[in-house]
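Report on one structure; see the data block that follows.
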Amino acid sequence: MKTFTAPASPVWRGALWLAGGVVFAGAFWRVGAQSETGGFAVSPPITAAVGPARYESRKLSHDTVPFAHSVTAIEVPGRGLVAFWYGGTREGSKDSAIYSAVFDAARGAWGPENSVITRPELERALHRSIRKIGNPVAWRGRDNRLWLFFVSASIGGWSGSAVNVMQSADGGHSWSAPERLITSPFLNVSTLVKGPAFEFADGSIGLPVYHELVGKFGELLRVDSDGRVAAKQRLAWGQYSLQPAIVPQSATDAVGFMRYSGDAPGRVLFFHSGDGGRNWSAPEKLELPNPNAAVAAVRAPDGGLLLAFNNQEGNRDNLSLAHSADGRHWRVIHVVEDTRGRTADGRTGEFSYPWLMQTADGNFHLMYTVDKQRIRHVLFSGAWLRERLR
Amino acid sequence: MTLATAFGFFGHALLLAVTAALLVRNRITSGRSRLVVAVAVVALAAVPLGGLPALAYLRGGFGDLSITTVALLALALVRNVSGRMWMPERDRWVLLAGTGLVALLFYPLALGLGPFDPYAAGFTSPLMVGALALLFAAALWRGLPWVAAIILLGVAGWLGGVLESSNLWDYLLDPLVAVYAVIDSVGRVRARLRGSVQTQ
């Protein structure tokens, strides 16, 4: 068989050396140009607690579809609180879509839900087959641009998921075409989102994610302003940690919590960083039980932390709020839902995938899935919280 | 359609073309005819079926192919239709053996076997770029210009953003070339061992 020998000639080799010099100079320049994050971007805690103690619970989703799950929300200037979740005929169905609704604070009710993106729309936009859409996470940048990260799977179950992202410059009325985040070398599978994003000082986004194909472990992505993955860190390894939720507390300090999926006893996992996210501690078990379920955390007005979690090891029929000053030692301050042993037909409820946040008016918002059928919204004021913390 | 999407489709089109040409090589001896078959298969795969072409299902299942794989596929297609082997056997063996060895170490670690994630280095690490520069120089110095060229194409592709990924690993390695490299390398070693046993 004839062999083409041109690349062995001195001219070709000289050309390769020259091209190599140019390309590798460019490559070194590119990695050298990447700056440090500058630590976490943290606003002062919202301590305004004007007004009476309020605690209100209401339906968020309107049962448009039989299955609704994994709510996320952001406060949008000019619109108020906007929530997103995924739903369809059932979990992972072909008609799955990301839905959205806006909270009308004056009426005290959620507006009608609208489809933000469907599975066929995602297929056409990404030019690849998509089996199902799942978990969304919403984020608002310092420039008020909205980001919606959400997972989709082309093959297999949720462990075969990848993350997609869309952006909105008009408060969520319209969205850019979705783009795929490439986060894994093996068919780009098994990166999912659940916990809220946060901001680094340089404006890049810290996006907690998790892997659940070969192992189960939390990771952290850094996404730049162009929506490209700039860095990735492993927060744990092995088979026991999922769905990290990170709360920055200062430019250098942040605490994080993870769902535990290992051997008994099931406990909420805790980890932290003291150097602006360059390094993270190994996860450790807290005293709080965890039935292999997601948790949500937010800063409290007193500088401490609030955590929404299922307060038992067995299943998810209890959802409680706890408070801590340091992230390690917790006190349960309120039971949001508890159907243990109380339903007439023996079935207990399931309250899962909590999302916890504070809006600029000082109110807190806890949203969660009920029985994987609907989303519920609990609003409580700073004054109500202060009473619970006494 | 973005450049990354187009390149992604191109890689899978090449994969289909090479597969088709290989499948008919015993029945069709003319290289030109094999090329016609390959092009026809790719054209069929570009026709939408239920909204998406078959190429899109390939892309959905396997993601985009690395520059290394695309280069090897292109060379395989040239070899199949023209009878010319552009890459010398020595370069091919070194490239595949090196790829296979790296893949055997890389994938288990990247998928979570331990705390160290080599994939993370592909986003930001000057060490990784440095290692590749050394490999490139070593390959060229040792008379393996095709190995050097493919490494260079991968890094150049990363700089140009021709794939969706911003990770350098995805331009150099993917599961398809990893599996092929391991199988090819194991086959060669076994053949050599068999050959040395027979001569004894």
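Residues in the structure tokens are numbered from 1 in each chain, the chains being A, B, ... in the order shown, and ligands are numbered from 1 in the order shown.
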Quick one: residues within 12 Å of Arg30 (chain A), only C-alpha atoms counted, chain neighbours fewer than 6 positions away excluded, as a PDB file with C-alpha atoms, in the first residue's frame?
ATOM      1  CA  VAL A  23      -0.524  27.258  18.575  1.00  0.00           C
ATOM      2  CA  PHE A  24       1.119  26.485  21.901  1.00  0.00           C
ATOM      3  CA  ALA A 230     -14.301  27.709  32.961  1.00  0.00           C
TER       4      ALA A 230
ATOM      5  CA  GLY B 122      -8.460  20.493  30.777  1.00  0.00           C
ATOM      6  CA  PHE B 123     -10.179  23.778  31.595  1.00  0.00           C
ATOM      7  CA  THR B 124      -7.384  25.793  33.129  1.00  0.00           C
ATOM      8  CA  SER B 125      -4.138  23.936  33.612  1.00  0.00           C
ATOM      9  CA  PRO B 126      -0.916  25.321  32.155  1.00  0.00           C
ATOM     10  CA  VAL B 129      -0.721  22.562  27.960  1.00  0.00           C
ATOM     11  CA  VAL B 155      -4.927  22.082  20.652  1.00  0.00           C
ATOM     12  CA  ALA B 156      -5.648  24.376  17.689  1.00  0.00           C
ATOM     13  CA  TRP B 158      -9.542  23.979  21.350  1.00  0.00           C
ATOM     14  CA  LEU B 159      -8.211  27.478  20.746  1.00  0.00           C
ATOM     15  CA  GLY B 160     -10.680  27.926  17.903  1.00  0.00           C
ATOM     16  CA  SER B 166     -14.229  24.316  26.451  1.00  0.00           C
ATOM     17  CA  LEU B 168      -8.942  20.476  26.091  1.00  0.00           C
TER      18      LEU B 168
END
Exercise answer, chain B residues close to chain A, 6 Å and only C-alpha atoms, as number ranges by chain: B: 56-57, 59-63, 84-86, 112, 115, 120, 123-124, 126, 156, 165
Among region 48-251 of chain A, which ones does DSSP assign to strand (DSSP E) (computed from the backbone)? Answer as JSON, numbers by chain. {"A": [55, 56, 57, 58, 59, 67, 68, 69, 70, 71, 72, 73, 74, 75, 76, 80, 81, 82, 83, 84, 85, 86, 87, 88, 97, 98, 99, 100, 101, 102, 103, 104, 109, 110, 114, 115, 116, 117, 118, 132, 133, 134, 135, 136, 137, 138, 139, 140, 146, 147, 148, 149, 150, 151, 152, 153, 161, 162, 163, 164, 165, 166, 167, 168, 179, 180, 181, 192, 193, 198, 199, 205, 206, 207, 208, 209, 210, 211, 217, 218, 219, 220, 221, 222, 223, 229, 230, 231, 232, 233, 234, 241, 242, 243, 244, 245, 246, 247, 248]}
So which residues touch region 281-292 of chain A within 7 Å, counting only C-alpha atoms, skipping near sequence neighbours fewer than 4 positions away, as a ChimeraX atom specification? /A:236,259-261,266-273,310-316,328
Could you give me, as a PyMOL selection string, the residues within 12 Å of Val36 (chain B), counting only C-alpha atoms and dropping anything in the same chain fewer than 3 positions from it? chain B and resi 17-18+20-21+24+28+30-33+39-43+77+81
Report the distance between CA of Pro178 (chain A) and CA of Ile98 (chain A) in Å, rounded to one decimal place. 12.3 Å
So that I can see what lies close to region 108-119 of chain A, please list as a count of residues only the residues with an atom at most 7 Å from it, counting only C-alpha atoms and leaving out residues fewer than 3 positions away in the same chain. 19
Using only C-alpha atoms, which protein or nucleic acid residues come within 12 Å of Leu305 (chain A)? Drop anything in the same chain fewer than 3 positions from it, and give the result as an mmCIF file with all heavy atoms, in the first residue's frame.
data_model
loop_
_atom_site.group_PDB
_atom_site.id
_atom_site.type_symbol
_atom_site.label_atom_id
_atom_site.label_comp_id
_atom_site.auth_asym_id
_atom_site.auth_seq_id
_atom_site.Cartn_x
_atom_site.Cartn_y
_atom_site.Cartn_z
ATOM 1 N N PRO A 45 -26.299 40.750 54.721
ATOM 2 C CA PRO A 45 -27.573 40.050 54.964
ATOM 3 C C PRO A 45 -28.734 41.036 55.034
ATOM 4 O O PRO A 45 -28.568 42.169 55.486
ATOM 5 C CB PRO A 45 -27.359 39.346 56.310
ATOM 6 C CG PRO A 45 -26.107 39.907 56.885
ATOM 7 C CD PRO A 45 -25.342 40.563 55.807
ATOM 8 N N ILE A 246 -24.637 25.429 48.367
ATOM 9 C CA ILE A 246 -23.549 26.231 48.931
ATOM 10 C C ILE A 246 -24.053 27.614 49.295
ATOM 11 O O ILE A 246 -24.796 28.237 48.520
ATOM 12 C CB ILE A 246 -22.386 26.320 47.920
ATOM 13 C CG1 ILE A 246 -21.754 24.931 47.734
ATOM 14 C CG2 ILE A 246 -21.336 27.320 48.378
ATOM 15 C CD1 ILE A 246 -20.676 24.864 46.680
ATOM 16 N N VAL A 247 -23.661 28.095 50.480
ATOM 17 C CA VAL A 247 -24.060 29.428 50.938
ATOM 18 C C VAL A 247 -22.806 30.235 51.233
ATOM 19 O O VAL A 247 -22.156 30.019 52.261
ATOM 20 C CB VAL A 247 -24.934 29.339 52.206
ATOM 21 C CG1 VAL A 247 -25.378 30.739 52.633
ATOM 22 C CG2 VAL A 247 -26.133 28.445 51.965
ATOM 23 N N PRO A 248 -22.429 31.171 50.369
ATOM 24 C CA PRO A 248 -21.301 32.044 50.692
ATOM 25 C C PRO A 248 -21.660 32.965 51.843
ATOM 26 O O PRO A 248 -22.784 33.462 51.921
ATOM 27 C CB PRO A 248 -21.089 32.836 49.400
ATOM 28 C CG PRO A 248 -21.748 32.035 48.336
ATOM 29 C CD PRO A 248 -22.906 31.378 49.012
ATOM 30 N N GLN A 249 -20.673 33.165 52.751
ATOM 31 C CA GLN A 249 -20.927 34.004 53.906
ATOM 32 C C GLN A 249 -20.053 35.256 53.923
ATOM 33 O O GLN A 249 -20.382 36.244 54.584
ATOM 34 C CB GLN A 249 -20.685 33.195 55.194
ATOM 35 C CG GLN A 249 -21.646 32.018 55.338
ATOM 36 C CD GLN A 249 -21.257 31.138 56.494
ATOM 37 O OE1 GLN A 249 -20.172 30.560 56.521
ATOM 38 N NE2 GLN A 249 -22.152 30.992 57.451
ATOM 39 N N ALA A 254 -17.482 30.062 52.916
ATOM 40 C CA ALA A 254 -18.764 29.529 52.456
ATOM 41 C C ALA A 254 -18.980 28.185 53.123
ATOM 42 O O ALA A 254 -18.020 27.462 53.429
ATOM 43 C CB ALA A 254 -18.793 29.381 50.939
ATOM 44 N N VAL A 255 -20.219 27.854 53.365
ATOM 45 C CA VAL A 255 -20.560 26.534 53.881
ATOM 46 C C VAL A 255 -21.403 25.829 52.822
ATOM 47 O O VAL A 255 -22.029 26.474 51.980
ATOM 48 C CB VAL A 255 -21.334 26.605 55.211
ATOM 49 C CG1 VAL A 255 -20.448 27.162 56.314
ATOM 50 C CG2 VAL A 255 -22.599 27.439 55.062
ATOM 51 N N GLY A 256 -21.410 24.534 52.887
ATOM 52 C CA GLY A 256 -22.188 23.761 51.926
ATOM 53 C C GLY A 256 -22.820 22.562 52.597
ATOM 54 O O GLY A 256 -22.348 22.081 53.638
ATOM 55 N N PHE A 257 -23.890 22.070 51.994
ATOM 56 C CA PHE A 257 -24.615 20.922 52.518
ATOM 57 C C PHE A 257 -24.931 19.999 51.345
ATOM 58 O O PHE A 257 -25.137 20.453 50.224
ATOM 59 C CB PHE A 257 -25.914 21.374 53.201
ATOM 60 C CG PHE A 257 -25.667 22.418 54.253
ATOM 61 C CD1 PHE A 257 -25.729 23.763 53.933
ATOM 62 C CD2 PHE A 257 -25.333 22.054 55.542
ATOM 63 C CE1 PHE A 257 -25.464 24.743 54.880
ATOM 64 C CE2 PHE A 257 -25.064 23.012 56.503
ATOM 65 C CZ PHE A 257 -25.120 24.355 56.176
ATOM 66 N N ALA A 296 -32.040 22.443 51.444
ATOM 67 C CA ALA A 296 -31.866 23.804 50.935
ATOM 68 C C ALA A 296 -31.443 24.695 52.088
ATOM 69 O O ALA A 296 -31.909 24.519 53.219
ATOM 70 C CB ALA A 296 -33.165 24.322 50.320
ATOM 71 N N ALA A 297 -30.571 25.657 51.814
ATOM 72 C CA ALA A 297 -30.048 26.510 52.881
ATOM 73 C C ALA A 297 -29.949 27.949 52.393
ATOM 74 O O ALA A 297 -29.793 28.212 51.196
ATOM 75 C CB ALA A 297 -28.671 26.013 53.321
ATOM 76 N N VAL A 298 -30.039 28.876 53.351
ATOM 77 C CA VAL A 298 -29.929 30.295 53.028
ATOM 78 C C VAL A 298 -29.391 31.009 54.263
ATOM 79 O O VAL A 298 -29.491 30.488 55.379
ATOM 80 C CB VAL A 298 -31.306 30.858 52.605
ATOM 81 C CG1 VAL A 298 -32.220 31.022 53.803
ATOM 82 C CG2 VAL A 298 -31.178 32.175 51.857
ATOM 83 N N ARG A 299 -28.810 32.176 54.070
ATOM 84 C CA ARG A 299 -28.326 32.960 55.219
ATOM 85 C C ARG A 299 -29.502 33.524 55.985
ATOM 86 O O ARG A 299 -30.494 33.967 55.395
ATOM 87 C CB ARG A 299 -27.439 34.109 54.741
ATOM 88 C CG ARG A 299 -26.010 33.716 54.462
ATOM 89 C CD ARG A 299 -25.139 34.924 54.259
ATOM 90 N NE ARG A 299 -25.680 35.822 53.276
ATOM 91 C CZ ARG A 299 -25.254 37.080 53.106
ATOM 92 N NH1 ARG A 299 -24.310 37.567 53.872
ATOM 93 N NH2 ARG A 299 -25.790 37.847 52.179
ATOM 94 N N ALA A 300 -29.388 33.517 57.298
ATOM 95 C CA ALA A 300 -30.407 34.111 58.157
ATOM 96 C C ALA A 300 -30.020 35.560 58.455
ATOM 97 O O ALA A 300 -28.851 35.923 58.343
ATOM 98 C CB ALA A 300 -30.519 33.314 59.457
ATOM 99 N N PRO A 301 -30.991 36.399 58.838
ATOM 100 C CA PRO A 301 -30.687 37.816 59.091
ATOM 101 C C PRO A 301 -29.673 38.022 60.208
ATOM 102 O O PRO A 301 -28.981 39.044 60.246
ATOM 103 C CB PRO A 301 -32.044 38.414 59.483
ATOM 104 C CG PRO A 301 -33.049 37.485 58.901
ATOM 105 C CD PRO A 301 -32.431 36.132 58.923
ATOM 106 N N ASP A 302 -29.575 37.076 61.134
ATOM 107 C CA ASP A 302 -28.638 37.227 62.249
ATOM 108 C C ASP A 302 -27.229 36.762 61.886
ATOM 109 O O ASP A 302 -26.361 36.662 62.752
ATOM 110 C CB ASP A 302 -29.141 36.450 63.469
ATOM 111 C CG ASP A 302 -29.206 34.945 63.206
ATOM 112 O OD1 ASP A 302 -29.008 34.531 62.041
ATOM 113 O OD2 ASP A 302 -29.462 34.182 64.155
ATOM 114 N N ALA A 308 -33.756 23.905 55.209
ATOM 115 C CA ALA A 308 -34.991 23.154 55.008
ATOM 116 C C ALA A 308 -34.597 21.725 54.691
ATOM 117 O O ALA A 308 -33.797 21.488 53.775
ATOM 118 C CB ALA A 308 -35.810 23.752 53.867
ATOM 119 N N LEU A 321 -37.761 23.244 59.256
ATOM 120 C CA LEU A 321 -36.796 24.335 59.165
ATOM 121 C C LEU A 321 -35.912 24.284 60.399
ATOM 122 O O LEU A 321 -36.402 24.080 61.513
ATOM 123 C CB LEU A 321 -37.507 25.688 59.159
ATOM 124 C CG LEU A 321 -38.011 26.235 57.839
ATOM 125 C CD1 LEU A 321 -38.778 27.532 58.089
ATOM 126 C CD2 LEU A 321 -36.881 26.478 56.859
ATOM 127 N N ALA A 322 -34.620 24.470 60.203
ATOM 128 C CA ALA A 322 -33.686 24.515 61.328
ATOM 129 C C ALA A 322 -32.793 25.739 61.185
ATOM 130 O O ALA A 322 -32.636 26.291 60.102
ATOM 131 C CB ALA A 322 -32.844 23.234 61.371
ATOM 132 N N HIS A 323 -32.226 26.143 62.340
ATOM 133 C CA HIS A 323 -31.348 27.319 62.356
ATOM 134 C C HIS A 323 -30.025 26.948 62.985
ATOM 135 O O HIS A 323 -29.955 26.114 63.895
ATOM 136 C CB HIS A 323 -32.007 28.459 63.156
ATOM 137 C CG HIS A 323 -31.109 29.654 63.343
ATOM 138 N ND1 HIS A 323 -30.268 29.791 64.430
ATOM 139 C CD2 HIS A 323 -30.913 30.749 62.558
ATOM 140 C CE1 HIS A 323 -29.589 30.937 64.309
ATOM 141 N NE2 HIS A 323 -29.970 31.520 63.186
ATOM 142 N N SER A 324 -28.962 27.575 62.491
ATOM 143 C CA SER A 324 -27.636 27.352 63.057
ATOM 144 C C SER A 324 -26.839 28.639 63.002
ATOM 145 O O SER A 324 -26.994 29.440 62.085
ATOM 146 C CB SER A 324 -26.919 26.263 62.242
ATOM 147 O OG SER A 324 -25.556 26.190 62.611
ATOM 148 N N ALA A 325 -25.975 28.780 63.992
ATOM 149 C CA ALA A 325 -25.071 29.940 63.985
ATOM 150 C C ALA A 325 -23.794 29.637 63.210
ATOM 151 O O ALA A 325 -23.170 30.542 62.649
ATOM 152 C CB ALA A 325 -24.726 30.341 65.415
ATOM 153 N N ASP A 326 -23.433 28.335 63.158
ATOM 154 C CA ASP A 326 -22.120 28.014 62.583
ATOM 155 C C ASP A 326 -22.160 26.978 61.469
ATOM 156 O O ASP A 326 -21.137 26.612 60.915
ATOM 157 C CB ASP A 326 -21.167 27.524 63.686
ATOM 158 C CG ASP A 326 -21.676 26.271 64.375
ATOM 159 O OD1 ASP A 326 -22.730 25.748 63.962
ATOM 160 O OD2 ASP A 326 -21.036 25.818 65.333
ATOM 161 N N GLY A 327 -23.358 26.470 61.161
ATOM 162 C CA GLY A 327 -23.474 25.459 60.114
ATOM 163 C C GLY A 327 -23.300 24.043 60.594
ATOM 164 O O GLY A 327 -23.629 23.098 59.893
ATOM 165 N N ARG A 328 -22.808 23.889 61.811
ATOM 166 C CA ARG A 328 -22.576 22.538 62.342
ATOM 167 C C ARG A 328 -23.600 22.138 63.402
ATOM 168 O O ARG A 328 -23.970 20.975 63.503
ATOM 169 C CB ARG A 328 -21.177 22.463 62.963
ATOM 170 C CG ARG A 328 -20.052 22.343 61.962
ATOM 171 C CD ARG A 328 -18.777 21.895 62.666
ATOM 172 N NE ARG A 328 -17.788 21.430 61.733
ATOM 173 C CZ ARG A 328 -16.875 22.214 61.147
ATOM 174 N NH1 ARG A 328 -16.849 23.501 61.417
ATOM 175 N NH2 ARG A 328 -15.988 21.720 60.292
ATOM 176 N N HIS A 329 -24.001 23.087 64.202
ATOM 177 C CA HIS A 329 -24.915 22.791 65.310
ATOM 178 C C HIS A 329 -26.264 23.424 65.012
ATOM 179 O O HIS A 329 -26.366 24.622 64.808
ATOM 180 C CB HIS A 329 -24.322 23.329 66.620
ATOM 181 C CG HIS A 329 -22.941 22.808 66.877
ATOM 182 N ND1 HIS A 329 -21.794 23.481 66.501
ATOM 183 C CD2 HIS A 329 -22.530 21.628 67.421
ATOM 184 C CE1 HIS A 329 -20.729 22.754 66.822
ATOM 185 N NE2 HIS A 329 -21.148 21.635 67.376
ATOM 186 N N TRP A 330 -27.318 22.586 64.999
ATOM 187 C CA TRP A 330 -28.612 23.032 64.501
ATOM 188 C C TRP A 330 -29.711 22.864 65.518
ATOM 189 O O TRP A 330 -29.651 21.972 66.368
ATOM 190 C CB TRP A 330 -28.975 22.240 63.226
ATOM 191 C CG TRP A 330 -28.081 22.565 62.082
ATOM 192 C CD1 TRP A 330 -26.860 22.005 61.821
ATOM 193 C CD2 TRP A 330 -28.319 23.529 61.061
ATOM 194 N NE1 TRP A 330 -26.317 22.574 60.701
ATOM 195 C CE2 TRP A 330 -27.195 23.507 60.205
ATOM 196 C CE3 TRP A 330 -29.364 24.417 60.782
ATOM 197 C CZ2 TRP A 330 -27.097 24.339 59.085
ATOM 198 C CZ3 TRP A 330 -29.267 25.239 59.660
ATOM 199 C CH2 TRP A 330 -28.145 25.199 58.833
ATOM 200 N N ARG A 331 -30.721 23.714 65.413
ATOM 201 C CA ARG A 331 -31.930 23.600 66.236
ATOM 202 C C ARG A 331 -33.128 23.699 65.302
ATOM 203 O O ARG A 331 -33.236 24.646 64.513
ATOM 204 C CB ARG A 331 -31.959 24.738 67.259
ATOM 205 C CG ARG A 331 -33.193 24.777 68.134
ATOM 206 C CD ARG A 331 -33.033 25.807 69.270
ATOM 207 N NE ARG A 331 -33.078 27.180 68.794
ATOM 208 C CZ ARG A 331 -34.187 27.938 68.758
ATOM 209 N NH1 ARG A 331 -35.341 27.445 69.140
ATOM 210 N NH2 ARG A 331 -34.138 29.202 68.330
ATOM 211 N N VAL A 332 -34.023 22.709 65.404
ATOM 212 C CA VAL A 332 -35.233 22.748 64.580
ATOM 213 C C VAL A 332 -36.153 23.827 65.146
ATOM 214 O O VAL A 332 -36.452 23.833 66.346
ATOM 215 C CB VAL A 332 -35.952 21.379 64.583
ATOM 216 C CG1 VAL A 332 -37.268 21.469 63.813
ATOM 217 C CG2 VAL A 332 -35.056 20.316 63.958
ATOM 218 N N ILE A 333 -36.584 24.742 64.286
ATOM 219 C CA ILE A 333 -37.401 25.860 64.759
ATOM 220 C C ILE A 333 -38.846 25.789 64.262
ATOM 221 O O ILE A 333 -39.711 26.498 64.770
ATOM 222 C CB ILE A 333 -36.790 27.211 64.339
ATOM 223 C CG1 ILE A 333 -36.678 27.313 62.800
ATOM 224 C CG2 ILE A 333 -35.430 27.410 65.000
ATOM 225 C CD1 ILE A 333 -36.295 28.709 62.315
ATOM 226 N N LEU A 356 -35.024 27.340 49.065
ATOM 227 C CA LEU A 356 -35.174 28.332 50.127
ATOM 228 C C LEU A 356 -34.421 29.588 49.737
ATOM 229 O O LEU A 356 -33.258 29.541 49.350
ATOM 230 C CB LEU A 356 -34.609 27.754 51.435
ATOM 231 C CG LEU A 356 -34.749 28.537 52.730
ATOM 232 C CD1 LEU A 356 -36.192 28.867 53.041
ATOM 233 C CD2 LEU A 356 -34.118 27.732 53.874
ATOM 234 N N MET A 357 -35.095 30.739 49.842
ATOM 235 C CA MET A 357 -34.454 31.997 49.446
ATOM 236 C C MET A 357 -35.062 33.157 50.212
ATOM 237 O O MET A 357 -36.126 33.022 50.836
ATOM 238 C CB MET A 357 -34.618 32.233 47.955
ATOM 239 C CG MET A 357 -36.068 32.353 47.504
ATOM 240 S SD MET A 357 -36.230 32.625 45.720
ATOM 241 C CE MET A 357 -35.654 34.321 45.576
ATOM 242 N N GLN A 358 -34.388 34.296 50.169
ATOM 243 C CA GLN A 358 -34.897 35.516 50.776
ATOM 244 C C GLN A 358 -34.993 36.582 49.697
ATOM 245 O O GLN A 358 -34.097 36.695 48.848
ATOM 246 C CB GLN A 358 -33.973 35.996 51.907
ATOM 247 C CG GLN A 358 -34.537 37.153 52.707
ATOM 248 C CD GLN A 358 -33.595 37.649 53.789
ATOM 249 O OE1 GLN A 358 -32.391 37.436 53.726
ATOM 250 N NE2 GLN A 358 -34.137 38.323 54.797
ATOM 251 N N LEU A 385 -39.748 34.844 61.751
ATOM 252 C CA LEU A 385 -38.523 34.090 62.004
ATOM 253 C C LEU A 385 -37.889 34.517 63.315
ATOM 254 O O LEU A 385 -37.440 33.675 64.112
ATOM 255 C CB LEU A 385 -37.538 34.292 60.848
ATOM 256 C CG LEU A 385 -36.200 33.570 60.971
ATOM 257 C CD1 LEU A 385 -36.401 32.061 61.010
ATOM 258 C CD2 LEU A 385 -35.281 33.953 59.805
ATOM 259 N N LEU A 389 -36.718 32.271 66.612
ATOM 260 C CA LEU A 389 -35.320 32.160 67.021
ATOM 261 C C LEU A 389 -35.102 32.560 68.477
ATOM 262 O O LEU A 389 -33.980 32.424 68.994
ATOM 263 C CB LEU A 389 -34.428 33.040 66.128
ATOM 264 C CG LEU A 389 -34.372 32.622 64.656
ATOM 265 C CD1 LEU A 389 -33.438 33.533 63.859
ATOM 266 C CD2 LEU A 389 -33.904 31.180 64.527
#
Quick one, how far is CA of Leu379 (chain A) from CA of Asn363 (chain A)? 6.9 Å
